[in-house]
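The next block is protein-v4.tsv, given as TSV, C-alpha atoms.
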chain	number	residue	atom	x	y	z
R	1	MET	CA	-117.36	17.52	47.70
R	2	THR	CA	-118.94	16.10	44.52
R	3	ASP	CA	-121.96	13.84	44.02
R	4	LYS	CA	-119.50	10.95	43.54
R	5	THR	CA	-117.94	11.47	46.99
R	6	ILE	CA	-119.14	8.95	49.56
R	7	ILE	CA	-116.54	9.50	52.33
R	8	ARG	CA	-114.59	12.64	53.20
R	9	PHE	CA	-111.91	13.16	55.83
R	10	ASP	CA	-111.37	16.84	56.65
R	11	ASN	CA	-108.19	17.53	58.69
R	12	VAL	CA	-108.71	14.39	60.77
R	13	THR	CA	-106.27	13.79	63.64
R	14	LYS	CA	-106.23	10.79	65.94
R	15	ALA	CA	-103.98	10.97	68.99
R	16	TYR	CA	-103.74	9.16	72.28
R	17	SER	CA	-102.77	10.90	75.50
R	18	GLY	CA	-99.08	11.75	75.66
R	19	SER	CA	-98.21	10.18	72.29
R	20	THR	CA	-97.44	11.30	68.76
R	21	PRO	CA	-100.64	11.45	66.66
R	22	VAL	CA	-101.42	8.23	64.83
R	23	LEU	CA	-103.05	10.40	62.15
R	24	ASN	CA	-102.03	14.00	61.64
R	25	LYS	CA	-104.51	16.34	59.87
R	26	VAL	CA	-105.41	13.85	57.15
R	27	SER	CA	-107.78	14.95	54.38
R	28	PHE	CA	-109.05	12.95	51.40
R	29	ASP	CA	-112.18	12.07	49.40
R	30	ILE	CA	-113.39	8.56	48.58
R	31	GLU	CA	-115.61	8.19	45.50
R	32	ARG	CA	-118.34	5.58	45.31
R	33	GLY	CA	-117.79	2.44	43.25
R	34	LYS	CA	-113.98	2.46	43.30
R	35	PHE	CA	-111.35	0.16	44.80
R	36	TYR	CA	-109.07	2.13	47.14
R	37	THR	CA	-105.96	0.84	48.89
R	38	LEU	CA	-104.33	2.31	51.99
R	39	LEU	CA	-100.69	1.29	51.61
R	40	GLY	CA	-97.84	1.77	54.04
R	41	PRO	CA	-95.57	0.19	56.67
R	42	SER	CA	-96.83	-1.02	60.04
R	43	GLY	CA	-97.85	1.82	62.34
R	44	CYS	CA	-98.39	4.38	59.56
R	45	GLY	CA	-102.08	4.93	60.40
R	46	LYS	CA	-103.84	2.97	57.65
R	47	THR	CA	-105.81	0.67	59.97
R	48	THR	CA	-106.71	3.68	62.12
R	49	ILE	CA	-108.42	5.23	59.07
R	50	LEU	CA	-110.38	2.00	58.59
R	51	ARG	CA	-111.48	1.98	62.23
R	52	LEU	CA	-112.54	5.63	62.06
R	53	ILE	CA	-114.67	4.93	58.97
R	54	ALA	CA	-116.20	1.86	60.64
R	55	GLY	CA	-117.03	3.80	63.81
R	56	PHE	CA	-114.84	1.72	66.11
R	57	MET	CA	-113.20	4.95	67.33
R	58	GLU	CA	-113.73	8.70	67.10
R	59	PRO	CA	-111.25	11.29	65.79
R	60	THR	CA	-109.45	13.58	68.21
R	61	SER	CA	-110.16	16.48	65.85
R	62	GLY	CA	-111.42	17.06	62.33
R	63	GLU	CA	-114.59	15.86	60.60
R	64	ILE	CA	-115.60	12.66	58.85
R	65	TYR	CA	-118.48	12.78	56.36
R	66	PHE	CA	-120.51	9.96	54.81
R	67	ASN	CA	-122.73	10.94	51.88
R	68	GLY	CA	-122.32	14.57	52.92
R	69	LYS	CA	-123.38	14.05	56.55
R	70	LYS	CA	-120.99	14.33	59.50
R	71	ILE	CA	-120.64	10.94	61.22
R	72	ASN	CA	-118.00	11.56	63.91
R	73	GLU	CA	-120.28	10.32	66.68
R	74	VAL	CA	-122.53	7.96	64.71
R	75	PRO	CA	-122.22	4.46	66.27
R	76	ALA	CA	-120.76	1.62	64.22
R	77	ASN	CA	-124.03	-0.29	63.90
R	78	GLU	CA	-125.70	2.69	62.24
R	79	ARG	CA	-123.10	3.14	59.50
R	80	GLN	CA	-123.50	1.72	55.99
R	81	VAL	CA	-120.17	-0.10	56.13
R	82	ASN	CA	-119.02	-3.64	56.84
R	83	THR	CA	-115.52	-4.86	57.71
R	84	VAL	CA	-113.59	-7.97	56.67
R	85	PHE	CA	-110.94	-8.52	59.35
R	86	GLN	CA	-107.46	-9.97	59.00
R	87	ASP	CA	-108.38	-13.06	61.07
R	88	TYR	CA	-111.86	-13.24	59.45
R	89	ALA	CA	-113.56	-13.26	62.92
R	90	LEU	CA	-115.82	-16.19	61.97
R	91	PHE	CA	-117.87	-18.05	64.59
R	92	PRO	CA	-116.44	-21.62	64.83
R	93	HIS	CA	-119.64	-22.99	66.41
R	94	LEU	CA	-121.79	-21.85	63.45
R	95	ASN	CA	-121.78	-23.33	59.96
R	96	VAL	CA	-121.20	-21.29	56.81
R	97	PHE	CA	-124.86	-20.34	56.35
R	98	GLU	CA	-125.28	-19.17	59.95
R	99	ASN	CA	-122.04	-17.19	59.88
R	100	VAL	CA	-123.25	-15.26	56.85
R	101	ALA	CA	-126.77	-14.93	58.24
R	102	PHE	CA	-125.69	-13.73	61.69
R	103	GLY	CA	-126.06	-10.00	61.06
R	104	LEU	CA	-129.42	-10.46	59.35
R	105	ARG	CA	-130.77	-12.43	62.30
R	106	ILE	CA	-129.65	-9.66	64.67
R	107	LYS	CA	-131.72	-7.25	62.56
R	108	LYS	CA	-134.69	-9.66	62.80
R	109	ILE	CA	-135.01	-10.01	59.02
R	110	LYS	CA	-137.68	-12.49	57.91
R	111	LYS	CA	-136.54	-16.08	57.40
R	112	GLU	CA	-137.37	-16.17	53.68
R	113	GLU	CA	-135.41	-12.96	53.07
R	114	ILE	CA	-132.45	-14.29	55.07
R	115	ASN	CA	-132.38	-17.47	52.98
R	116	ARG	CA	-132.50	-15.52	49.73
R	117	ARG	CA	-129.81	-13.01	50.69
R	118	VAL	CA	-127.41	-15.57	52.21
R	119	LEU	CA	-127.57	-17.87	49.19
R	120	GLU	CA	-127.13	-14.89	46.88
R	121	ALA	CA	-124.05	-13.76	48.84
R	122	LEU	CA	-122.56	-17.27	48.79
R	123	LYS	CA	-123.13	-17.44	45.04
R	124	PHE	CA	-121.26	-14.13	44.63
R	125	VAL	CA	-118.18	-15.58	46.37
R	126	ASN	CA	-118.37	-18.99	44.66
R	127	LEU	CA	-119.43	-20.90	47.78
R	128	ILE	CA	-122.81	-22.18	46.67
R	129	ASP	CA	-123.43	-25.69	48.14
R	130	PHE	CA	-121.08	-24.84	51.04
R	131	GLU	CA	-123.82	-23.49	53.32
R	132	ASN	CA	-123.88	-26.53	55.62
R	133	ARG	CA	-120.10	-26.83	55.98
R	134	GLU	CA	-118.50	-26.27	59.37
R	135	ILE	CA	-115.91	-23.50	59.57
R	136	VAL	CA	-113.17	-25.94	60.68
R	137	GLU	CA	-113.69	-27.87	57.43
R	138	LEU	CA	-112.79	-24.88	55.24
R	139	SER	CA	-109.48	-23.86	53.70
R	140	GLY	CA	-107.99	-20.42	54.30
R	141	GLY	CA	-109.33	-19.11	50.99
R	142	GLN	CA	-112.81	-20.48	51.69
R	143	LYS	CA	-112.86	-18.86	55.14
R	144	GLN	CA	-111.95	-15.58	53.54
R	145	ARG	CA	-114.83	-15.93	51.09
R	146	VAL	CA	-117.23	-16.59	53.97
R	147	ALA	CA	-116.02	-13.42	55.69
R	148	ILE	CA	-116.60	-11.44	52.49
R	149	ALA	CA	-120.07	-12.98	52.03
R	150	ARG	CA	-120.95	-11.95	55.59
R	151	ALA	CA	-119.82	-8.40	54.77
R	152	ILE	CA	-121.82	-8.06	51.54
R	153	VAL	CA	-125.01	-9.78	52.71
R	154	ASN	CA	-126.10	-6.62	54.54
R	155	ASP	CA	-125.77	-4.63	51.30
R	156	PRO	CA	-123.44	-1.94	52.73
R	157	GLU	CA	-122.35	1.02	50.64
R	158	VAL	CA	-118.70	0.58	51.66
R	159	ILE	CA	-116.73	-2.60	52.39
R	160	LEU	CA	-113.58	-2.26	54.51
R	161	LEU	CA	-110.88	-4.92	54.22
R	162	ASP	CA	-108.12	-5.00	56.85
R	163	GLU	CA	-105.27	-7.05	55.33
R	164	PRO	CA	-107.61	-10.00	54.61
R	165	LEU	CA	-105.08	-11.82	52.39
R	166	SER	CA	-102.09	-11.76	54.72
R	167	ALA	CA	-102.70	-15.23	56.20
R	168	LEU	CA	-102.82	-16.95	52.78
R	169	ASP	CA	-99.95	-18.62	50.94
R	170	LEU	CA	-98.51	-16.82	47.90
R	171	LYS	CA	-100.40	-18.74	45.19
R	172	LEU	CA	-103.77	-18.51	46.93
R	173	ARG	CA	-103.13	-14.88	47.80
R	174	THR	CA	-102.59	-14.08	44.11
R	175	GLU	CA	-105.76	-15.93	43.14
R	176	MET	CA	-107.76	-14.05	45.77
R	177	GLN	CA	-106.46	-10.71	44.50
R	178	TYR	CA	-108.14	-11.42	41.16
R	179	GLU	CA	-111.29	-12.66	42.88
R	180	LEU	CA	-111.57	-9.60	45.15
R	181	ARG	CA	-111.09	-7.20	42.27
R	182	GLU	CA	-113.66	-9.03	40.14
R	183	LEU	CA	-116.10	-9.14	43.06
R	184	GLN	CA	-115.78	-5.40	43.65
R	185	GLN	CA	-116.48	-4.70	39.99
R	186	ARG	CA	-119.51	-7.01	39.92
R	187	LEU	CA	-120.94	-5.52	43.10
R	188	GLY	CA	-120.19	-1.92	42.11
R	189	LYS	CA	-119.45	-1.18	45.78
R	190	THR	CA	-116.73	1.01	47.27
R	191	PHE	CA	-113.90	-1.16	48.62
R	192	ILE	CA	-111.24	0.26	50.97
R	193	PHE	CA	-108.40	-2.20	51.33
R	194	VAL	CA	-105.49	-2.04	53.80
R	195	THR	CA	-102.15	-3.67	53.00
R	196	HIS	CA	-98.39	-3.22	53.32
R	197	ASP	CA	-97.81	-5.25	50.13
R	198	GLN	CA	-96.87	-2.94	47.24
R	199	GLU	CA	-97.50	-5.47	44.46
R	200	GLU	CA	-100.93	-6.23	45.92
R	201	ALA	CA	-101.83	-2.53	45.93
R	202	LEU	CA	-100.61	-1.95	42.39
R	203	ALA	CA	-102.49	-4.99	41.03
R	204	MET	CA	-105.88	-4.37	42.62
R	205	SER	CA	-106.49	-0.65	43.05
R	206	ASP	CA	-108.21	2.15	41.21
R	207	GLU	CA	-106.46	4.56	43.58
R	208	ILE	CA	-103.75	4.18	46.21
R	209	PHE	CA	-103.02	6.28	49.30
R	210	VAL	CA	-99.36	5.80	50.28
R	211	MET	CA	-99.00	6.51	54.01
R	212	ASN	CA	-96.15	7.05	56.44
R	213	THR	CA	-96.02	8.42	60.01
R	214	GLY	CA	-99.72	9.31	60.08
R	215	VAL	CA	-99.68	11.31	56.82
R	216	ILE	CA	-100.72	10.52	53.26
R	217	GLN	CA	-97.48	10.93	51.33
R	218	GLN	CA	-99.08	10.57	47.89
R	219	SER	CA	-102.39	9.52	46.34
R	220	GLY	CA	-103.23	8.57	42.79
R	221	THR	CA	-103.66	5.72	40.35
R	222	PRO	CA	-101.20	2.80	40.50
R	223	MET	CA	-99.46	4.14	37.37
R	224	ASP	CA	-99.24	7.66	38.84
R	225	ILE	CA	-97.72	6.36	42.05
R	226	TYR	CA	-95.25	4.06	40.30
R	227	ASP	CA	-94.20	6.34	37.44
R	228	GLU	CA	-94.32	9.70	39.24
R	229	PRO	CA	-93.39	9.25	42.93
R	230	ILE	CA	-93.40	12.56	44.80
R	231	ASN	CA	-90.59	11.90	47.25
R	232	ARG	CA	-87.89	9.42	48.24
R	233	PHE	CA	-90.15	7.49	50.64
R	234	VAL	CA	-92.79	6.80	47.97
R	235	ALA	CA	-90.20	5.93	45.31
R	236	ASP	CA	-88.43	3.54	47.67
R	237	PHE	CA	-91.61	1.97	49.06
R	238	ILE	CA	-93.35	1.39	45.71
R	239	GLY	CA	-91.39	-1.18	43.77
R	240	GLU	CA	-87.62	-1.27	43.34
R	241	SER	CA	-85.92	2.04	42.56
R	242	ASN	CA	-82.55	3.53	41.85
R	243	ILE	CA	-82.44	6.78	43.85
R	244	VAL	CA	-79.39	9.04	43.60
R	245	SER	CA	-78.65	12.66	44.45
R	246	GLY	CA	-78.56	15.19	41.64
R	247	THR	CA	-78.89	18.84	40.66
R	248	MET	CA	-81.65	20.42	38.56
R	249	ILE	CA	-79.69	22.57	36.13
R	250	SER	CA	-82.76	24.10	34.48
R	251	ASP	CA	-86.13	23.02	33.11
R	252	TYR	CA	-85.65	19.72	31.24
R	253	ARG	CA	-81.97	19.47	32.26
R	254	VAL	CA	-80.55	17.56	35.23
R	255	GLN	CA	-77.14	16.48	36.49
R	256	PHE	CA	-76.24	13.26	38.32
R	257	GLY	CA	-73.38	10.78	38.28
R	258	GLY	CA	-71.04	13.49	37.05
R	259	LYS	CA	-72.98	14.11	33.81
R	260	GLU	CA	-75.84	16.25	32.51
R	261	PHE	CA	-78.91	14.63	30.98
R	262	ALA	CA	-82.08	15.75	29.23
R	263	CYS	CA	-85.23	15.00	31.26
R	264	THR	CA	-88.95	15.78	31.17
R	265	ASP	CA	-89.22	17.55	34.55
R	266	LYS	CA	-89.78	21.28	35.03
R	267	GLY	CA	-90.82	23.88	37.57
R	268	LEU	CA	-87.90	23.55	39.99
R	269	HIS	CA	-85.25	26.15	40.85
R	270	ALA	CA	-82.06	26.38	38.80
R	271	ASN	CA	-79.22	24.43	40.47
R	272	GLU	CA	-81.60	23.01	43.10
R	273	LYS	CA	-80.47	19.82	44.85
R	274	VAL	CA	-82.87	16.98	43.99
R	275	ASP	CA	-83.35	13.22	44.17
R	276	ILE	CA	-83.27	11.25	40.90
R	277	VAL	CA	-85.26	8.04	40.35
R	278	ILE	CA	-84.76	5.55	37.53
R	279	ARG	CA	-86.54	2.20	37.73
R	280	PRO	CA	-84.36	-0.94	37.20
R	281	GLU	CA	-86.42	-2.08	34.21
R	282	ASP	CA	-85.81	1.27	32.46
R	283	LEU	CA	-82.03	0.70	32.32
R	284	GLU	CA	-80.79	-1.06	29.18
R	285	ILE	CA	-77.49	-2.91	29.03
R	286	THR	CA	-75.35	-1.84	26.07
R	287	THR	CA	-71.73	-1.31	25.08
R	288	ILE	CA	-69.68	1.34	26.89
R	289	ASP	CA	-69.47	3.57	23.80
R	290	ARG	CA	-73.26	3.55	23.36
R	291	GLY	CA	-74.20	3.94	27.01
R	292	LYS	CA	-75.12	7.17	28.77
R	293	MET	CA	-73.14	5.94	31.77
R	294	THR	CA	-70.51	3.31	32.49
R	295	VAL	CA	-70.91	0.94	35.43
R	296	LYS	CA	-69.15	-2.12	36.85
R	297	VAL	CA	-71.13	-5.29	37.56
R	298	ASP	CA	-70.91	-6.32	41.23
R	299	THR	CA	-73.43	-9.18	41.40
R	300	GLN	CA	-75.89	-10.92	39.09
R	301	LEU	CA	-78.90	-13.09	39.95
R	302	PHE	CA	-81.31	-14.94	37.65
R	303	ARG	CA	-84.92	-14.14	38.62
R	304	GLY	CA	-86.70	-16.36	36.08
R	305	VAL	CA	-88.09	-13.66	33.76
R	306	HIS	CA	-85.00	-11.42	33.96
R	307	PHE	CA	-81.48	-11.04	35.29
R	308	GLU	CA	-80.99	-8.74	38.27
R	309	LEU	CA	-77.64	-6.95	38.23
R	310	SER	CA	-76.18	-4.82	41.00
R	311	THR	CA	-73.77	-2.31	39.47
R	312	PHE	CA	-71.76	0.78	40.52
R	313	ASP	CA	-70.74	3.92	38.65
R	314	ALA	CA	-67.49	5.88	39.10
R	315	ASP	CA	-69.08	8.06	41.83
R	316	GLY	CA	-70.02	4.99	43.88
R	317	ASN	CA	-73.76	5.17	43.08
R	318	GLU	CA	-75.42	1.75	43.01
R	319	TRP	CA	-77.58	0.99	39.97
R	320	LEU	CA	-79.93	-2.00	40.06
R	321	VAL	CA	-80.68	-3.30	36.56
R	322	HIS	CA	-83.43	-5.70	35.43
R	323	SER	CA	-82.61	-7.06	31.97
R	324	THR	CA	-83.07	-10.09	29.74
R	325	LYS	CA	-79.37	-9.67	28.92
R	326	LYS	CA	-76.68	-10.92	31.26
R	327	ALA	CA	-73.16	-9.68	32.02
R	328	ALA	CA	-70.14	-11.07	33.80
R	329	VAL	CA	-69.40	-10.07	37.39
R	330	GLY	CA	-66.52	-7.57	37.36
R	331	GLU	CA	-67.27	-6.50	33.78
R	332	GLU	CA	-67.71	-2.83	32.82
R	333	ILE	CA	-70.84	-2.21	30.77
R	334	GLY	CA	-72.78	0.72	29.39
R	335	LEU	CA	-76.26	1.65	30.58
R	336	ASP	CA	-78.71	3.47	28.31
R	337	PHE	CA	-82.07	5.02	29.21
R	338	ASP	CA	-84.66	7.38	27.74
R	339	GLU	CA	-85.12	10.87	29.13
R	340	GLU	CA	-88.67	9.84	30.12
R	341	ALA	CA	-87.12	7.25	32.46
R	342	ILE	CA	-85.55	10.00	34.60
R	343	HIS	CA	-87.86	11.21	37.36
R	344	VAL	CA	-86.78	14.25	39.38
R	345	MET	CA	-88.06	14.72	42.93
R	346	ARG	CA	-87.74	17.78	45.15
R	347	LEU	CA	-86.22	16.82	48.51
R	348	ASN	CA	-88.88	15.74	51.04
R	349	GLU	CA	-91.70	17.34	49.04
R	350	THR	CA	-95.27	16.67	50.19
R	351	GLU	CA	-98.20	16.01	47.88
R	352	GLU	CA	-99.68	19.42	48.71
R	353	GLU	CA	-96.39	21.17	47.92
R	354	PHE	CA	-96.08	19.19	44.67
R	355	ASP	CA	-99.58	20.21	43.53
R	356	LYS	CA	-98.94	23.86	44.41
R	357	ARG	CA	-95.64	23.84	42.53
R	358	LEU	CA	-97.20	22.51	39.34
R	359	GLU	CA	-100.09	24.97	39.64
R	360	SER	CA	-97.69	27.89	40.14
R	361	TYR	CA	-95.52	26.79	37.21
R	362	GLY	CA	-98.60	26.58	34.96
R	363	GLU	CA	-99.66	30.09	35.93
R	364	GLN	CA	-96.18	31.43	35.18
R	365	GLN	CA	-96.18	29.79	31.76
R	366	ASN	CA	-99.60	31.30	30.95
R	367	GLU	CA	-98.36	34.76	31.93
R	368	ASN	CA	-95.37	34.36	29.63
In C-alpha cells, what does this structure look like?
Amino acid sequence: MTDKTIIRFDNVTKAYSGSTPVLNKVSFDIERGKFYTLLGPSGCGKTTILRLIAGFMEPTSGEIYFNGKKINEVPANERQVNTVFQDYALFPHLNVFENVAFGLRIKKIKKEEINRRVLEALKFVNLIDFENREIVELSGGQKQRVAIARAIVNDPEVILLDEPLSALDLKLRTEMQYELRELQQRLGKTFIFVTHDQEEALAMSDEIFVMNTGVIQQSGTPMDIYDEPINRFVADFIGESNIVSGTMISDYRVQFGGKEFACTDKGLHANEKVDIVIRPEDLEITTIDRGKMTVKVDTQLFRGVHFELSTFDADGNEWLVHSTKKAAVGEEIGLDFDEEAIHVMRLNETEEEFDKRLESYGEQQNEN
C-alpha cells in the first residue's frame, strides 16, 4: 500500500447463504484523485463493491481499508464517501437548495456555512440560480447535477456513482460524460463509477476494472484494456473484436486462418493453442494479391463515419471490418493488417496468471 492508496480490497468475498459468491476473493487498490470505472454485465459484482465501500453491507471475508485503516465494520455515516444513485434519490418535497443542504442540516452545520457550501456546490455543477427550483421542474440532466451537488457538498474523499447516467437520453448522456469527467478533475476527488456501457468507461476513466462473475478479469488504463485484452471475455466485452482460434508457433510467430503471421507477442509455449484478436478498424481493405488474407463480403452497412463489412475467410472465420472503403456483397477482397494489430491471448488466462507469465519471461530473458 502506497501513500497514494486511499482504498484497498484484500481478498474480499461477499456471499449470501446457499448461493454462489457475488464477489470472490477480490483484491485491488484505488489511488486518490483518479477516476475509476467498474465495468461489467449485470450481476457481475460491481455494485456490490460500491455498497461495500459505502458501508451499506459488510464483506463475508477479507479486509477493506480506507487510508490504511480497516473499515469492515465502520458504519456508513462515519465513512468519508458519498454516493450518487441511479435514480438520484432526491426528495420531491424539498427544493434544490434543501436537497443539497439536507446532509449538512443533519450534521447541524451553522446556517451561514450551509449557505456558503450549498451555493458553492451548485456553482460547481452549473446550477447557480436554480436553488429555489422544485425538483419536479427539473430535467433529467439537472436532477443528476443536483444529486452530484448533494454528494460533493459534504466534501467527501471519495464519490461513488452507481450508473447515474443510465436514465438519460443518448445526447444528454454524452454531454454529462464530459461534465462528470471535468468535475472530477476540478475537484481532484476520487470518483468510482459503475456502468455496463463500454464506450462510457473508455471515454471517462483513468483506470477500468473489467468484471465478470464476481472476479476482476482485467484492470488498467482504457488503452491497456482496449489494445491488450487478457482473455476472450475482455476482448469481446470491450468494443467490437474479431476473435479466432490460432496456434502460437514460437515467440513473435502465430498461425490462424491457415497461415502463419509475424506478431509482437511472446512468452507462450511453442505450438500452444491460443485466441487471436484483431480489431475491425485495424483491418484494411485491399486487392487480393496485396492482402494477407482473402475474404468474401457477406453484408455491408453504412455507419456514417465508416462502412461495416461482415466477411468470411476460407476456414469459415467471420471478420468484421470497419473501413472508409466499400465493397460489393459477394465480392472477394484482400485484407491487410500490421503485425502490431494481432493480439494473442492464452485461453482463459486471468490477470494474475498474465502478470506472472510476463514476469517469468522477463527473468528467463535476463538469465539468457
Quiz item: Near Thr174 (chain R), counting all atoms listed in the file, which residues have an atom at most 12 Å away, once you skip same-chain residues fewer than 4 positions from it, shown as a ChimeraX atom specification?
Solution: /R:141,165-166,168-170,178-181,197,199-201,203-204
Practice problem: Would you please work out which residue, of R:Leu122, R:Ile192, R:Ala341, R:Ala235, is nearest to Asp29 (chain R) when using all atoms listed in the file? | Solution: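 Nearest candidate to Asp29 (chain R) out of R:Leu122, R:Ile192, R:Ala341, R:Ala235: R:Ile192.
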Leaving out region 216-226 of chain R and any residue of its chain fewer than 5 positions from it, which residues lie within 6 Å of it when counting all atoms listed in the file, given as a PDB file with C-alpha atoms, keeping the file's coordinate frame?
ATOM      1  CA  LEU R 202    -100.610  -1.950  42.390  1.00  0.00           C
ATOM      2  CA  ASP R 206    -108.210   2.150  41.210  1.00  0.00           C
ATOM      3  CA  GLU R 207    -106.460   4.560  43.580  1.00  0.00           C
ATOM      4  CA  ILE R 208    -103.750   4.180  46.210  1.00  0.00           C
ATOM      5  CA  PHE R 209    -103.020   6.280  49.300  1.00  0.00           C
ATOM      6  CA  VAL R 210     -99.360   5.800  50.280  1.00  0.00           C
ATOM      7  CA  MET R 211     -99.000   6.510  54.010  1.00  0.00           C
ATOM      8  CA  GLU R 351     -98.200  16.010  47.880  1.00  0.00           C
TER       9      GLU R 351
END
Practice problem: For Glu134 (chain R), work out the shell of residues within 9 Å, counting all atoms listed in the file and skipping chain neighbours fewer than 3 positions away, then give it as a PyMOL selection string. | Solution: chain R and resi 92-96+130-131+137-138
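The spacing separating CA of Asp10 (chain R) from CA of Gly62 (chain R) amounts to 5.7 Å.
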Kindly complete region 145-152 of chain R to all heavy atoms; the output should be written as a CSV table (one decimal), in the frame of the given file.
chain,number,residue,atom,x,y,z
R,145,ARG,N,-113.6,-16.2,51.9
R,145,ARG,CA,-114.8,-15.9,51.1
R,145,ARG,C,-116.1,-15.8,52.0
R,145,ARG,O,-117.0,-15.1,51.7
R,145,ARG,CB,-115.0,-17.0,50.1
R,145,ARG,CG,-114.0,-17.0,48.9
R,145,ARG,CD,-114.5,-17.9,47.8
R,145,ARG,NE,-113.4,-18.1,46.8
R,145,ARG,CZ,-112.6,-19.2,46.7
R,145,ARG,NH1,-112.8,-20.2,47.6
R,145,ARG,NH2,-111.7,-19.3,45.8
R,146,VAL,N,-116.1,-16.7,53.0
R,146,VAL,CA,-117.2,-16.6,54.0
R,146,VAL,C,-117.3,-15.2,54.6
R,146,VAL,O,-118.3,-14.6,54.8
R,146,VAL,CB,-117.1,-17.7,55.0
R,146,VAL,CG1,-118.2,-17.5,56.1
R,146,VAL,CG2,-117.3,-19.1,54.4
R,147,ALA,N,-116.1,-14.7,55.0
R,147,ALA,CA,-116.0,-13.4,55.7
R,147,ALA,C,-116.5,-12.3,54.7
R,147,ALA,O,-117.2,-11.4,55.2
R,147,ALA,CB,-114.6,-13.1,56.1
R,148,ILE,N,-116.2,-12.4,53.5
R,148,ILE,CA,-116.6,-11.4,52.5
R,148,ILE,C,-118.1,-11.6,52.3
R,148,ILE,O,-118.8,-10.5,52.2
R,148,ILE,CB,-115.8,-11.6,51.2
R,148,ILE,CG1,-114.4,-11.3,51.4
R,148,ILE,CG2,-116.4,-10.7,50.1
R,148,ILE,CD1,-113.5,-11.7,50.2
R,149,ALA,N,-118.6,-12.8,52.2
R,149,ALA,CA,-120.1,-13.0,52.0
R,149,ALA,C,-120.8,-12.4,53.2
R,149,ALA,O,-121.9,-11.7,53.0
R,149,ALA,CB,-120.4,-14.5,51.9
R,150,ARG,N,-120.3,-12.5,54.4
R,150,ARG,CA,-121.0,-12.0,55.6
R,150,ARG,C,-120.9,-10.4,55.5
R,150,ARG,O,-121.9,-9.8,56.0
R,150,ARG,CB,-120.2,-12.4,56.9
R,150,ARG,CG,-121.0,-12.0,58.1
R,150,ARG,CD,-120.3,-12.6,59.4
R,150,ARG,NE,-118.9,-12.2,59.5
R,150,ARG,CZ,-118.1,-12.6,60.5
R,150,ARG,NH1,-118.6,-13.5,61.4
R,150,ARG,NH2,-116.9,-12.2,60.6
R,151,ALA,N,-119.9,-9.9,54.9
R,151,ALA,CA,-119.8,-8.4,54.8
R,151,ALA,C,-120.8,-7.9,53.7
R,151,ALA,O,-121.4,-6.8,53.9
R,151,ALA,CB,-118.4,-8.0,54.4
R,152,ILE,N,-121.0,-8.6,52.6
R,152,ILE,CA,-121.8,-8.1,51.5
R,152,ILE,C,-123.3,-8.4,51.7
R,152,ILE,O,-124.1,-7.8,51.1
R,152,ILE,CB,-121.3,-8.6,50.2
R,152,ILE,CG1,-121.5,-10.1,50.0
R,152,ILE,CG2,-119.9,-8.2,49.9
R,152,ILE,CD1,-121.2,-10.6,48.6
